[in-house]
Amino acid sequence: MPRFAWFIVLILLLSGCGNPAPETEQFQVAEALGGASDAGFARATNPREFLFPQDHGPHPEFRNEWWYLTGNLHAEDGRDFAYQATLFRIALQPEPIDSPSAWRSNQIWMGHAALSDLQAGKHTAFERFARQGAGLAGAESLPLRVWLEDWQLQQAGGTGVWKLQIPTEEFDLRLELKPASPIILQGDNGLSQKSRTPGNASYYYSIPRLTANGALSYRGETLRVNGQSWLDREWSTSALGPDQQGWDWFSLQLNDGRNLMFYQLRRKDGSVDPLSAGSLSDERGLRQHLRPEMIRLTPLKYWVSGNRRYPIEWRLELEGEPHPWRVSTRLADQEMRLSVTYWEGAVEVRQESSGDLLGKGYLEMTGYD
Amino acid sequence: MSRLLLISALRHLHRHPWQSWLSILGIALGVAVIVGVDLANQSARQAFLLSAESLTGKATHQIIGGPAGIPEDLYRELRIEQGLRQAAPIVEGLVKLGAENLQLIGVDPLAEENFRHLSGELAADAARRLFLEPASVLLSSITASRLGVAADDNLTVTIAGREVTLQVVDLLEGDNPAVLEGLLLADISTAQELLDSPGRLDRIDLILQPGQAERLADTLPPGLHLEVPASRTRVMMEMIDAFQINLAAMSLLAMLVGAFLIYNTMTFSVLRRRQLLATLRLLGVTRQALFRLLLLEAALMGLVGAGAGLVLGIFTAQYLVELVTRTINDLYFVLTVKQLIIQPVVLLKGFLVGVGVTLLAALAPAIEAAGTVPVSALRRSQLEQRVHRGLPWVGLLGIAALLLGWLLIAVSGNSLLAGFSGLFLIISGYSLLVPPGVALLSRLSNRTGKRRGLLVRFALRGIGANLSRTGLSIASLSVAVAATLGVSIMISSFRATVADWLAYTLRSDIYVSAVSSRASSSDATLLPETRQRIQALPEVAETSTGRRVTIQSRHGPVDLLVLDFASNTHEGFKFLEPPLADLWAGYQRGELLLTSEPYAYRHGLRTGDPIILDTLEGPLSLTIGGVFYDYGSDQGLIGLPASAYTRYWGDAAFATVGVILQPGVEPAAATSAIRQALEGFDQDLRIRSNREIRDYSIGIFDRTFAITQVLRLLAVGVAFIGVLSALMALQLERTREQAVLRATGFTPGQLSRLTLLQTSLMGLYAGLFSLPLGWLMSEVLIEVINRRAFGWSITTQLPVNAVFEALLLAVVAALLAGLYPAWRMSRVSPALALREE
């Protein structure tokens, strides 16, 4: 999942000191900056041995890294919600800096959190920044704890259960996440190639299905919620290739127990990058790698926000599957209008012909400017 | 008004260009001083407000730390545990670049977005560098261009006595670059490193919702305070208020002198034309028309003079603003004002004052002119008789004004404004007493002058005989000279008092102090071993320690003077009123405290009153054991022993060690011994002898009063011009009389001598009259104005040379004023002069 390009934007953001310049400018400077500053960082060039639970923790020798959770939730009163919670680590330089000041750090953290109230048709998103240090943000392994101020993801010692807490100005989400599928190493045993340049790859693994249980405080109520979540972990020192424009990333949890992840990298000329990839897995583990020719994605319906035109409904034709699927959303506006603008939201998967609900999931779309 | 009349007036002005131009110059100078001071004051205030505003940003509240600052853990706790996410940490300090102070502000750019927009657009990698590179800063663009610094340049500065090379990674533009003058912005980590204050914050800015503030204030650890930025700004503004009111009053003094000058000129212009005016009346011109004509004339001069004054004032302000800023920097807080903010309102005010005062001053002469009775006006003697008859009334009016002024001062409590109003009433009253005084004096001198030569008798009697004009001239000159004398007595008394205070308050021979990089000056401290090391030296007899820290009291922030005495240090205090009997014992036990005079004055406290201080353990009430004289802080100090401070504030640090040497030890030798003993300690020290500190303090004093001196000189300038024009008018007006003398056999030389003699005599009179007024003014300035503004008492000292200077000024001004008429007299042919007018 090539969410890796964001860090560049972030650095630019910092230069604005809260005065974000128009997005397009940010991206231009981003490219200039992205190429220059990766010297000295570790690169993902070869498959590596993953070791858990250690690898749930940080890898500060790489430039960027994230802990990415999405999920569909069902509240006790019958309402449906969906959430995204992401903690990004961005290193400004490879070496840590020695200083008497606790504030001196080479690591910056960014957090994005969003809640979709699917019945009310309301989507809210929040963003945070903090430096690692002075106790404001950071990551520890064994036991795992990743936090950005009071947003926190941790693993209760030994049990393998994850705990997420995301208090924001409008909602407060606290979930216990129990893995319901094994860890899936994406790409080539966890090495996920993102462009042709060697090293322009990431280490990428997922836990495609976690059973979520917890509480959502929202608009003066506290609701018991349960559902399913998806965790993505990725670290790298890479950027988008010069000809790449953006991506459409699907994470779908089917009722038959299968989980599908596929990212379609779009090139500037409109074609699909052959490096687009994905996986099909179930509760026993990886079943199949997905190459671009095995999946056909056709946009069916668009939603327009400013100059961005997002395809919010897709036909998905998967090799070996008898019927095409229809991936659609109950809430068109799940756009994340933060320092970086993108669309990230809850979707449903239905059989196109019968309309039967096959599963739920999340869709992320970037580069539609 | 008829055109003819107007032409006659203009013609008159034109024919007497000297007087007209001198008057205009006088008005211009008066307006210039007012406008200059006003602009400088307003610029300083505006710069302060703008920078306070832009630095405070949108914060609704601020947490302010005690002497030790704020532990940075509190910030984390507020933001994370208490969820106060609208919070931004600030680390502040002072950086010296040559003689200039720059303000270093360390922020967390990631927490800033809700608060300030200081940086504007930065170069792409500037933010990265701020995060990563030590000593990397942003410099305000306006300061950078003034210093000739560009982005990517190095800037070598001194921080707490250490030389540090800063990297200017980019320039700060901001929405209004002028506001950022003198500002260095850095990442908070850089600021902590540079200021050597890891773990500490100076401030936490907050945006709180209603209701949050009370809850937060209750849960803050002791020693920390939640404040509204506006109140903090207000407190700082109040600090400079008194100083600025004083400056404004000094400028009004110049205007007052200017008003006398205008009055003088207008009166003369009426007197000179009395024949013309009488003729006009005979020709049928009405009183009203004459009245209007003269007011129009005055308005014209006022307009031209005030206009010129505005231009002059702007130039003056350029210079004054530096002096004002320097004083504020020396005495109050760091403020960088390099840009004059020219407010139209200030200009308008100056202009209106100039024209208004001119019209007001012309009112009496205009009424006089309108009252001209066609026939009698032709007879000069009648006028003089009338003046003489009116003298007692003028004198009574003067006495009434004096009494009123005195009464106003007596009943107005602490009001500074009332103090100044009283002062002006006293000056006006006294000036009304001058003409009767002159009459008296000339009557006396007539008697003694009988034994003198003809010229002397002529000169003496001339003064009395022409009282309508000489009285006025002498009064103007007296007021002007008295103003300079009064201010001069005030300054020299103050200086002597401070020097005396320094002499008895500095009990040690050598002072070793930590160099501070804080604007609040309270936090550079010495290592605890410093004192032991020094004490162990054979040259040293005794040591004491001292520190000044700002803490909170029920009366707002207050500076604590924390002392650990050497055996003789008690002598360093002199008390205003007898202190409590068991003062020193109670003081050492931490039950009594001392307050400085300004503190007691400001808060209306006396010996025996309680003061409530905020300590780490909560509020603490201590009794004032004594009120001591102090001139180090006009905000006031509270004295506490080190043991009590340590007990209540948990802080044993000290900033200064006072060293008393063994008899016979040379300070220079001891200084190097101390330096050697402290070598290897990682701290920045300043070791100064008693003498050096005294010189340094007096240096600051002199700098502070530099602006007062400038204003005084300007007042002298106005006075000088006034005298010049008044006396010149007087002499020129007597052309005819002198022509008669010439015709009756006076030689040109004799006439010149007569003129010079008479003007110097008038100068001498004015000088003599100015002495009591000068003394009176100095008394009011010292006992009323300074006390109300700053709260300290000054021992009046009459400087003999100031008295001589005043006399000299008066006589020289008068003599100079007589030169031109004398020269002219001697050249004019009697026949021509007799025909004149």
# chains A, B, ... in the order shown; residues from 1 in each chain; ligands from 1
>>> residues_around(residues="Ile367 (chain B)", least_positions_apart="4", cutoff="8 Å", atoms="only C-alpha atoms", output="number ranges by chain")
B: 291, 363, 371
>>> closest_atom_pairs(of="region 241-292 of chain A", to="region 224-233 of chain A", cutoff="12 Å", atoms="only C-alpha atoms", output="CSV")
residue,atom,partner,partner_atom,distance
A:Trp249,CA,A:Asp232,CA,12.0
A:Phe250,CA,A:Trp230,CA,11.2
A:Ser251,CA,A:Trp230,CA,7.7
A:Leu252,CA,A:Trp230,CA,9.0
A:Gln253,CA,A:Gln228,CA,8.3
A:Leu254,CA,A:Gln228,CA,10.7
A:Asn255,CA,A:Gln228,CA,11.0
A:Gly257,CA,A:Gln228,CA,11.6
A:Asn259,CA,A:Trp230,CA,9.6
A:Leu260,CA,A:Trp230,CA,10.8
A:Met261,CA,A:Trp230,CA,10.2
>>> interface_residues(of="chain B", to="chain A", cutoff="10 Å", atoms="only C-alpha atoms", output="VMD selection string")
chain B and resid 72 to 73 75 to 77 79 to 83 85 108 to 134 187 to 194 196 to 200
>>> write_last_selection(atoms="N, CA and C atoms", output="compact mmCIF listing (two decimals), in the first residue's frame")
# COMPACT_ATOMS: atom_id res chain seq x y z
N GLU B 72 8.91 21.02 31.88
CA GLU B 72 8.28 20.70 30.60
C GLU B 72 7.31 19.52 30.70
N ASP B 73 7.46 18.72 31.77
CA ASP B 73 6.52 17.62 31.96
C ASP B 73 5.09 18.11 32.11
N TYR B 75 3.73 20.45 30.52
CA TYR B 75 3.16 20.65 29.19
C TYR B 75 2.63 19.32 28.64
N ARG B 76 3.43 18.29 28.78
CA ARG B 76 3.01 16.98 28.30
C ARG B 76 1.74 16.55 29.02
N GLU B 77 1.75 16.79 30.33
CA GLU B 77 0.60 16.37 31.12
C GLU B 77 -0.68 17.10 30.69
N ARG B 79 -1.29 18.49 27.84
CA ARG B 79 -1.68 18.19 26.48
C ARG B 79 -2.21 16.76 26.35
N ILE B 80 -1.56 15.85 27.04
CA ILE B 80 -1.94 14.46 26.87
C ILE B 80 -2.93 14.01 27.94
N GLU B 81 -2.51 14.10 29.19
CA GLU B 81 -3.41 13.59 30.23
C GLU B 81 -4.68 14.43 30.36
N GLN B 82 -4.51 15.76 30.35
CA GLN B 82 -5.69 16.60 30.53
C GLN B 82 -6.35 16.97 29.21
N GLY B 83 -5.72 16.57 28.10
CA GLY B 83 -6.35 16.79 26.80
C GLY B 83 -6.50 18.24 26.39
N ARG B 85 -5.40 20.39 24.21
CA ARG B 85 -4.55 20.29 23.02
C ARG B 85 -4.24 21.65 22.41
N ASP B 108 7.52 25.27 19.50
CA ASP B 108 7.36 23.99 18.83
C ASP B 108 6.51 24.25 17.60
N PRO B 109 7.11 24.28 16.41
CA PRO B 109 6.34 24.64 15.21
C PRO B 109 5.11 23.76 15.05
N LEU B 110 5.19 22.53 15.55
CA LEU B 110 4.06 21.62 15.38
C LEU B 110 2.88 21.99 16.28
N ALA B 111 3.15 22.78 17.30
CA ALA B 111 2.07 23.16 18.21
C ALA B 111 1.60 24.58 17.93
N GLU B 112 2.20 25.20 16.94
CA GLU B 112 2.00 26.64 16.75
C GLU B 112 0.77 26.99 15.93
N GLU B 113 0.26 26.07 15.15
CA GLU B 113 -0.65 26.50 14.09
C GLU B 113 -1.88 27.22 14.62
N ASN B 114 -2.29 26.90 15.85
CA ASN B 114 -3.48 27.58 16.37
C ASN B 114 -3.14 28.92 17.00
N PHE B 115 -1.86 29.20 17.14
CA PHE B 115 -1.48 30.37 17.93
C PHE B 115 -0.96 31.53 17.09
N ARG B 116 0.14 31.32 16.46
CA ARG B 116 0.82 32.44 15.81
C ARG B 116 1.05 32.10 14.35
N HIS B 117 1.20 33.14 13.57
CA HIS B 117 1.67 32.90 12.21
C HIS B 117 2.89 33.76 12.01
N LEU B 118 3.95 33.34 12.63
CA LEU B 118 5.14 34.18 12.63
C LEU B 118 5.96 33.98 11.37
N SER B 119 6.01 32.75 10.92
CA SER B 119 7.06 32.45 9.96
C SER B 119 6.69 32.83 8.53
N GLY B 120 5.41 32.75 8.17
CA GLY B 120 5.08 32.96 6.78
C GLY B 120 5.66 31.83 5.97
N GLU B 121 6.00 32.11 4.73
CA GLU B 121 6.54 31.05 3.89
C GLU B 121 8.04 30.95 4.05
N LEU B 122 8.49 29.76 4.28
CA LEU B 122 9.92 29.56 4.48
C LEU B 122 10.50 28.78 3.31
N ALA B 123 11.80 28.88 3.21
CA ALA B 123 12.48 28.06 2.21
C ALA B 123 12.21 26.59 2.52
N ALA B 124 12.30 25.76 1.47
CA ALA B 124 11.85 24.37 1.59
C ALA B 124 12.52 23.62 2.74
N ASP B 125 13.79 23.81 2.90
CA ASP B 125 14.45 22.99 3.92
C ASP B 125 14.66 23.74 5.23
N ALA B 126 14.12 24.97 5.32
CA ALA B 126 14.35 25.76 6.54
C ALA B 126 13.75 25.06 7.75
N ALA B 127 12.54 24.52 7.60
CA ALA B 127 11.88 23.87 8.73
C ALA B 127 12.68 22.64 9.17
N ARG B 128 13.12 21.86 8.19
CA ARG B 128 13.96 20.70 8.52
C ARG B 128 15.17 21.12 9.32
N ARG B 129 15.82 22.18 8.84
CA ARG B 129 17.07 22.60 9.49
C ARG B 129 16.79 23.10 10.90
N LEU B 130 15.66 23.78 11.06
CA LEU B 130 15.32 24.25 12.40
C LEU B 130 15.19 23.07 13.36
N PHE B 131 14.58 22.00 12.87
CA PHE B 131 14.41 20.83 13.71
C PHE B 131 15.74 20.14 14.00
N LEU B 132 16.58 20.10 13.00
CA LEU B 132 17.73 19.21 13.09
C LEU B 132 19.01 19.90 13.53
N GLU B 133 19.24 21.11 13.06
CA GLU B 133 20.56 21.70 13.27
C GLU B 133 20.61 22.52 14.55
N PRO B 134 21.63 22.28 15.34
CA PRO B 134 21.77 23.10 16.53
C PRO B 134 22.07 24.55 16.13
N ASP B 187 13.59 26.59 16.98
CA ASP B 187 12.86 25.46 17.51
C ASP B 187 13.09 25.43 19.02
N ILE B 188 12.13 24.88 19.72
CA ILE B 188 12.20 24.88 21.18
C ILE B 188 13.44 24.13 21.68
N SER B 189 13.85 23.11 20.95
CA SER B 189 15.04 22.35 21.38
C SER B 189 16.28 23.24 21.27
N THR B 190 16.35 23.97 20.18
CA THR B 190 17.49 24.88 19.98
C THR B 190 17.53 25.93 21.08
N ALA B 191 16.36 26.48 21.39
CA ALA B 191 16.31 27.51 22.43
C ALA B 191 16.76 26.94 23.77
N GLN B 192 16.31 25.75 24.09
CA GLN B 192 16.74 25.14 25.35
C GLN B 192 18.25 24.90 25.36
N GLU B 193 18.77 24.47 24.23
CA GLU B 193 20.22 24.24 24.16
C GLU B 193 20.98 25.56 24.32
N LEU B 194 20.54 26.56 23.55
CA LEU B 194 21.27 27.82 23.55
C LEU B 194 21.20 28.49 24.92
N ASP B 196 20.73 27.01 27.65
CA ASP B 196 21.17 26.07 28.66
C ASP B 196 20.06 25.81 29.69
N SER B 197 18.87 25.53 29.20
CA SER B 197 17.77 25.31 30.12
C SER B 197 16.97 24.07 29.74
N PRO B 198 17.64 22.92 29.64
CA PRO B 198 16.88 21.71 29.29
C PRO B 198 15.82 21.44 30.36
N GLY B 199 14.70 20.96 29.92
CA GLY B 199 13.65 20.57 30.86
C GLY B 199 12.75 21.70 31.30
N ARG B 200 13.08 22.93 30.88
CA ARG B 200 12.29 24.05 31.39
C ARG B 200 11.63 24.84 30.27
>>> residues_around(residues="region 641-645 of chain B", least_positions_apart="5", cutoff="8 Å", atoms="only C-alpha atoms", output="number ranges by chain")
B: 546, 562-565, 587-590, 650-652
>>> write_last_selection(atoms="C-alpha atoms", output="tab-separated table (two decimals), in the first residue's frame")
chain	number	residue	atom	x	y	z
B	546	GLY	CA	22.04	37.49	46.70
B	562	VAL	CA	16.86	37.15	48.44
B	563	LEU	CA	19.90	37.78	50.60
B	564	ASP	CA	22.10	35.71	52.78
B	565	PHE	CA	23.82	38.38	54.80
B	587	TYR	CA	13.61	38.66	59.44
B	588	GLN	CA	16.15	35.90	59.88
B	589	ARG	CA	13.46	33.59	61.21
B	590	GLY	CA	11.50	34.26	58.04
B	650	GLY	CA	12.34	25.07	47.50
B	651	ASP	CA	15.11	26.87	45.71
B	652	ALA	CA	18.51	27.37	47.30
>>> residues_around(residues="region 300-317 of chain B", least_positions_apart="6", cutoff="7 Å", atoms="only C-alpha atoms", output="VMD selection string")
chain B and resid 24 to 25 27 to 29 31 to 33 35 to 37 39 to 40 347 351 354 to 355 358
>>> atom_distance(atom1="CA of Pro435 (chain B)", atom2="CA of Leu296 (chain B)")
27.8 Å
>>> select_by_dssp(residues="region 251-295 of chain A", states="strand (DSSP E)", output="NGL selection string")
:A and (251-254 or 259-267 or 277-282 or 285-290 or 295)
>>> residues_around(residues="His603 (chain B)", least_positions_apart="2", cutoff="10 Å", atoms="only C-alpha atoms", output="NGL selection string")
:B and (555 or 598-601 or 605-606 or 636 or 791)
>>> write_last_selection(atoms="C-alpha atoms", output="PDB file, in the first residue's frame")
ATOM      1  CA  HIS B 555      -0.584  42.467  44.259  1.00  0.00           C
ATOM      2  CA  PRO B 598       8.424  52.094  45.728  1.00  0.00           C
ATOM      3  CA  TYR B 599       6.692  48.812  46.526  1.00  0.00           C
ATOM      4  CA  ALA B 600       5.210  50.160  49.727  1.00  0.00           C
ATOM      5  CA  TYR B 601       4.218  53.383  48.000  1.00  0.00           C
ATOM      6  CA  LEU B 605       1.675  49.574  52.545  1.00  0.00           C
ATOM      7  CA  ARG B 606       3.454  50.514  55.742  1.00  0.00           C
ATOM      8  CA  GLY B 636       9.508  47.710  44.014  1.00  0.00           C
ATOM      9  CA  GLY B 791       7.436  55.942  44.324  1.00  0.00           C
TER      10      GLY B 791
END
>>> residues_around(residues="Tyr342 (chain A)", least_positions_apart="4", cutoff="9 Å", atoms="only C-alpha atoms", output="list in words")
Gln334, Glu335, Met336, Arg337, Leu338, Glu364, Met365, Thr366, Gly367 and Tyr368 of chain A
>>> write_last_selection(atoms="C-alpha atoms", output="compact mmCIF listing (two decimals), in the first residue's frame")
# COMPACT_ATOMS: atom_id res chain seq x y z
CA GLN A 334 -15.46 10.51 3.09
CA GLU A 335 -12.80 12.87 1.85
CA MET A 336 -9.97 13.57 4.28
CA ARG A 337 -9.50 17.33 3.95
CA LEU A 338 -6.38 17.55 6.06
CA GLU A 364 -8.40 4.76 -0.30
CA MET A 365 -7.93 6.97 -3.31
CA THR A 366 -5.19 9.53 -3.89
CA GLY A 367 -3.81 11.61 -6.70
CA TYR A 368 -7.17 12.76 -8.13
>>> select_by_dssp(residues="region 27-270 of chain B", states="helix (DSSP H, G or I)", output="PyMOL selection string")
chain B and resi 27-56+72-81+109-111+126-132+141-147+177-180+188-194+212-219+229-270
>>> write_last_selection(atoms="C-alpha atoms", output="mmCIF file, in the first residue's frame")
data_model
loop_
_atom_site.group_PDB
_atom_site.id
_atom_site.type_symbol
_atom_site.label_atom_id
_atom_site.label_comp_id
_atom_site.auth_asym_id
_atom_site.auth_seq_id
_atom_site.Cartn_x
_atom_site.Cartn_y
_atom_site.Cartn_z
ATOM 1 C CA ILE B 27 5.867 77.816 17.849
ATOM 2 C CA ALA B 28 7.558 75.316 15.572
ATOM 3 C CA LEU B 29 10.010 74.248 18.258
ATOM 4 C CA GLY B 30 7.269 73.900 20.838
ATOM 5 C CA VAL B 31 5.142 71.813 18.502
ATOM 6 C CA ALA B 32 8.191 69.821 17.432
ATOM 7 C CA VAL B 33 9.000 68.839 21.000
ATOM 8 C CA ILE B 34 5.435 67.803 21.721
ATOM 9 C CA VAL B 35 5.048 65.896 18.492
ATOM 10 C CA GLY B 36 8.503 64.364 18.758
ATOM 11 C CA VAL B 37 7.953 63.042 22.264
ATOM 12 C CA ASP B 38 4.443 61.935 21.466
ATOM 13 C CA LEU B 39 5.527 60.073 18.348
ATOM 14 C CA ALA B 40 8.420 58.439 20.118
ATOM 15 C CA ASN B 41 6.183 57.384 22.997
ATOM 16 C CA GLN B 42 3.444 56.119 20.744
ATOM 17 C CA SER B 43 5.895 54.262 18.545
ATOM 18 C CA ALA B 44 7.361 52.513 21.545
ATOM 19 C CA ARG B 45 3.913 51.594 22.840
ATOM 20 C CA GLN B 46 2.657 50.543 19.477
ATOM 21 C CA ALA B 47 5.724 48.416 18.841
ATOM 22 C CA PHE B 48 5.320 46.842 22.238
ATOM 23 C CA LEU B 49 1.632 46.128 21.773
ATOM 24 C CA LEU B 50 2.027 44.771 18.284
ATOM 25 C CA SER B 51 4.879 42.517 19.199
ATOM 26 C CA ALA B 52 3.119 41.388 22.364
ATOM 27 C CA GLU B 53 0.074 40.646 20.274
ATOM 28 C CA SER B 54 1.884 38.835 17.528
ATOM 29 C CA LEU B 55 3.907 36.853 20.047
ATOM 30 C CA THR B 56 0.877 36.038 22.151
ATOM 31 C CA GLU B 72 8.278 20.699 30.602
ATOM 32 C CA ASP B 73 6.516 17.619 31.959
ATOM 33 C CA LEU B 74 3.625 19.858 32.852
ATOM 34 C CA TYR B 75 3.164 20.646 29.190
ATOM 35 C CA ARG B 76 3.011 16.978 28.297
ATOM 36 C CA GLU B 77 0.602 16.366 31.122
ATOM 37 C CA LEU B 78 -1.701 19.197 30.069
ATOM 38 C CA ARG B 79 -1.680 18.191 26.478
ATOM 39 C CA ILE B 80 -1.941 14.456 26.866
ATOM 40 C CA GLU B 81 -3.406 13.588 30.233
ATOM 41 C CA PRO B 109 6.343 24.639 15.215
ATOM 42 C CA LEU B 110 4.057 21.622 15.375
ATOM 43 C CA ALA B 111 2.066 23.165 18.211
ATOM 44 C CA ALA B 126 14.349 25.755 6.536
ATOM 45 C CA ALA B 127 11.883 23.869 8.734
ATOM 46 C CA ARG B 128 13.962 20.696 8.516
ATOM 47 C CA ARG B 129 17.065 22.601 9.487
ATOM 48 C CA LEU B 130 15.318 24.247 12.405
ATOM 49 C CA PHE B 131 14.407 20.826 13.708
ATOM 50 C CA LEU B 132 17.730 19.210 13.087
ATOM 51 C CA SER B 141 13.686 40.129 7.930
ATOM 52 C CA ILE B 142 13.559 43.742 9.025
ATOM 53 C CA THR B 143 16.309 43.179 11.581
ATOM 54 C CA ALA B 144 18.288 41.148 9.100
ATOM 55 C CA SER B 145 18.305 43.897 6.526
ATOM 56 C CA ARG B 146 19.292 46.404 9.172
ATOM 57 C CA LEU B 147 22.173 44.210 10.293
ATOM 58 C CA PRO B 177 7.613 42.378 9.551
ATOM 59 C CA ALA B 178 8.019 45.487 11.684
ATOM 60 C CA VAL B 179 6.419 43.659 14.581
ATOM 61 C CA LEU B 180 9.120 41.030 14.496
ATOM 62 C CA ILE B 188 12.204 24.881 21.177
ATOM 63 C CA SER B 189 15.036 22.355 21.382
ATOM 64 C CA THR B 190 17.487 24.876 19.978
ATOM 65 C CA ALA B 191 16.310 27.514 22.429
ATOM 66 C CA GLN B 192 16.738 25.136 25.353
ATOM 67 C CA GLU B 193 20.219 24.240 24.164
ATOM 68 C CA LEU B 194 21.275 27.825 23.553
ATOM 69 C CA GLN B 212 -11.608 25.455 31.599
ATOM 70 C CA ALA B 213 -9.541 28.281 32.992
ATOM 71 C CA GLU B 214 -10.897 28.060 36.542
ATOM 72 C CA ARG B 215 -10.436 24.307 36.644
ATOM 73 C CA LEU B 216 -6.908 24.574 35.322
ATOM 74 C CA ALA B 217 -5.939 27.387 37.674
ATOM 75 C CA ASP B 218 -7.011 25.232 40.604
ATOM 76 C CA THR B 219 -4.962 22.251 39.543
ATOM 77 C CA PRO B 229 -2.155 37.665 28.160
ATOM 78 C CA ALA B 230 -3.884 41.011 28.012
ATOM 79 C CA SER B 231 -3.386 41.472 31.741
ATOM 80 C CA ARG B 232 0.263 40.636 31.401
ATOM 81 C CA THR B 233 0.574 43.116 28.577
ATOM 82 C CA ARG B 234 -1.256 45.660 30.686
ATOM 83 C CA VAL B 235 1.091 45.172 33.615
ATOM 84 C CA MET B 236 4.026 45.754 31.305
ATOM 85 C CA MET B 237 2.362 48.805 29.823
ATOM 86 C CA GLU B 238 1.790 50.195 33.279
ATOM 87 C CA MET B 239 5.471 49.821 33.955
ATOM 88 C CA ILE B 240 6.328 52.291 31.245
ATOM 89 C CA ASP B 241 3.333 54.549 31.778
ATOM 90 C CA ALA B 242 4.909 56.706 34.456
ATOM 91 C CA PHE B 243 8.041 57.114 32.419
ATOM 92 C CA GLN B 244 6.086 58.121 29.363
ATOM 93 C CA ILE B 245 3.816 60.534 31.212
ATOM 94 C CA ASN B 246 6.928 62.220 32.509
ATOM 95 C CA LEU B 247 8.274 62.610 29.023
ATOM 96 C CA ALA B 248 4.991 64.000 27.780
ATOM 97 C CA ALA B 249 4.930 66.497 30.639
ATOM 98 C CA MET B 250 8.445 67.599 29.813
ATOM 99 C CA SER B 251 7.326 68.228 26.274
ATOM 100 C CA LEU B 252 4.366 70.238 27.547
ATOM 101 C CA LEU B 253 6.799 72.304 29.533
ATOM 102 C CA ALA B 254 8.513 73.203 26.284
ATOM 103 C CA MET B 255 5.148 74.119 24.840
ATOM 104 C CA LEU B 256 4.369 76.248 27.853
ATOM 105 C CA VAL B 257 7.550 78.173 27.327
ATOM 106 C CA GLY B 258 6.582 78.378 23.683
ATOM 107 C CA ALA B 259 3.203 79.805 24.648
ATOM 108 C CA PHE B 260 4.861 82.570 26.629
ATOM 109 C CA LEU B 261 6.902 83.331 23.602
ATOM 110 C CA ILE B 262 3.871 83.592 21.378
ATOM 111 C CA TYR B 263 2.037 85.709 23.885
ATOM 112 C CA ASN B 264 5.031 87.926 24.061
ATOM 113 C CA THR B 265 5.303 88.319 20.341
ATOM 114 C CA MET B 266 1.645 89.016 19.853
ATOM 115 C CA THR B 267 1.600 91.573 22.634
ATOM 116 C CA PHE B 268 4.524 93.362 21.092
ATOM 117 C CA SER B 269 3.024 93.301 17.712
ATOM 118 C CA VAL B 270 -0.005 95.038 19.197
#
>>> atom_distance(atom1="CA of Phe50 (chain A)", atom2="CA of Gln186 (chain A)")
11.8 Å
>>> closest_residue(among="A:Leu51, A:Ala39, A:Val340, A:Ala114", to="Leu69 (chain A)", atoms="only C-alpha atoms")
A:Ala114
>>> residues_around(residues="Pro538 (chain B)", least_positions_apart="3", cutoff="10 Å", atoms="only C-alpha atoms", output="PyMOL selection string")
chain B and resi 534-535+541+661-662+665+670+673
>>> write_last_selection(atoms="N, CA and C atoms", output="compact mmCIF listing (two decimals), in the first residue's frame")
# COMPACT_ATOMS: atom_id res chain seq x y z
N ILE B 534 35.17 30.52 47.22
CA ILE B 534 35.58 31.91 47.44
C ILE B 534 35.89 32.14 48.92
N GLN B 535 35.01 31.61 49.75
CA GLN B 535 35.17 31.79 51.20
C GLN B 535 36.50 31.22 51.69
N ALA B 541 37.45 37.83 53.68
CA ALA B 541 37.03 37.84 55.08
C ALA B 541 35.64 37.21 55.23
N LEU B 661 36.66 41.67 51.54
CA LEU B 661 38.07 41.28 51.57
C LEU B 661 38.68 41.56 52.95
N GLN B 662 39.76 40.80 53.22
CA GLN B 662 40.55 41.07 54.42
C GLN B 662 41.12 42.48 54.29
N VAL B 665 43.73 44.02 51.39
CA VAL B 665 43.80 43.27 50.13
C VAL B 665 43.27 44.14 48.99
N ALA B 670 42.51 40.32 44.48
CA ALA B 670 41.49 39.37 44.93
C ALA B 670 40.68 38.84 43.75
N ALA B 673 42.50 36.13 42.13
CA ALA B 673 42.50 34.95 42.98
C ALA B 673 41.16 34.22 42.88
>>> closest_residue(among="B:Val657, B:Ile90, B:Ile491, B:Val780", to="Thr545 (chain B)", atoms="only C-alpha atoms")
B:Val657
>>> atom_distance(atom1="CA of Asp256 (chain A)", atom2="CA of Ile295 (chain A)")
19.1 Å
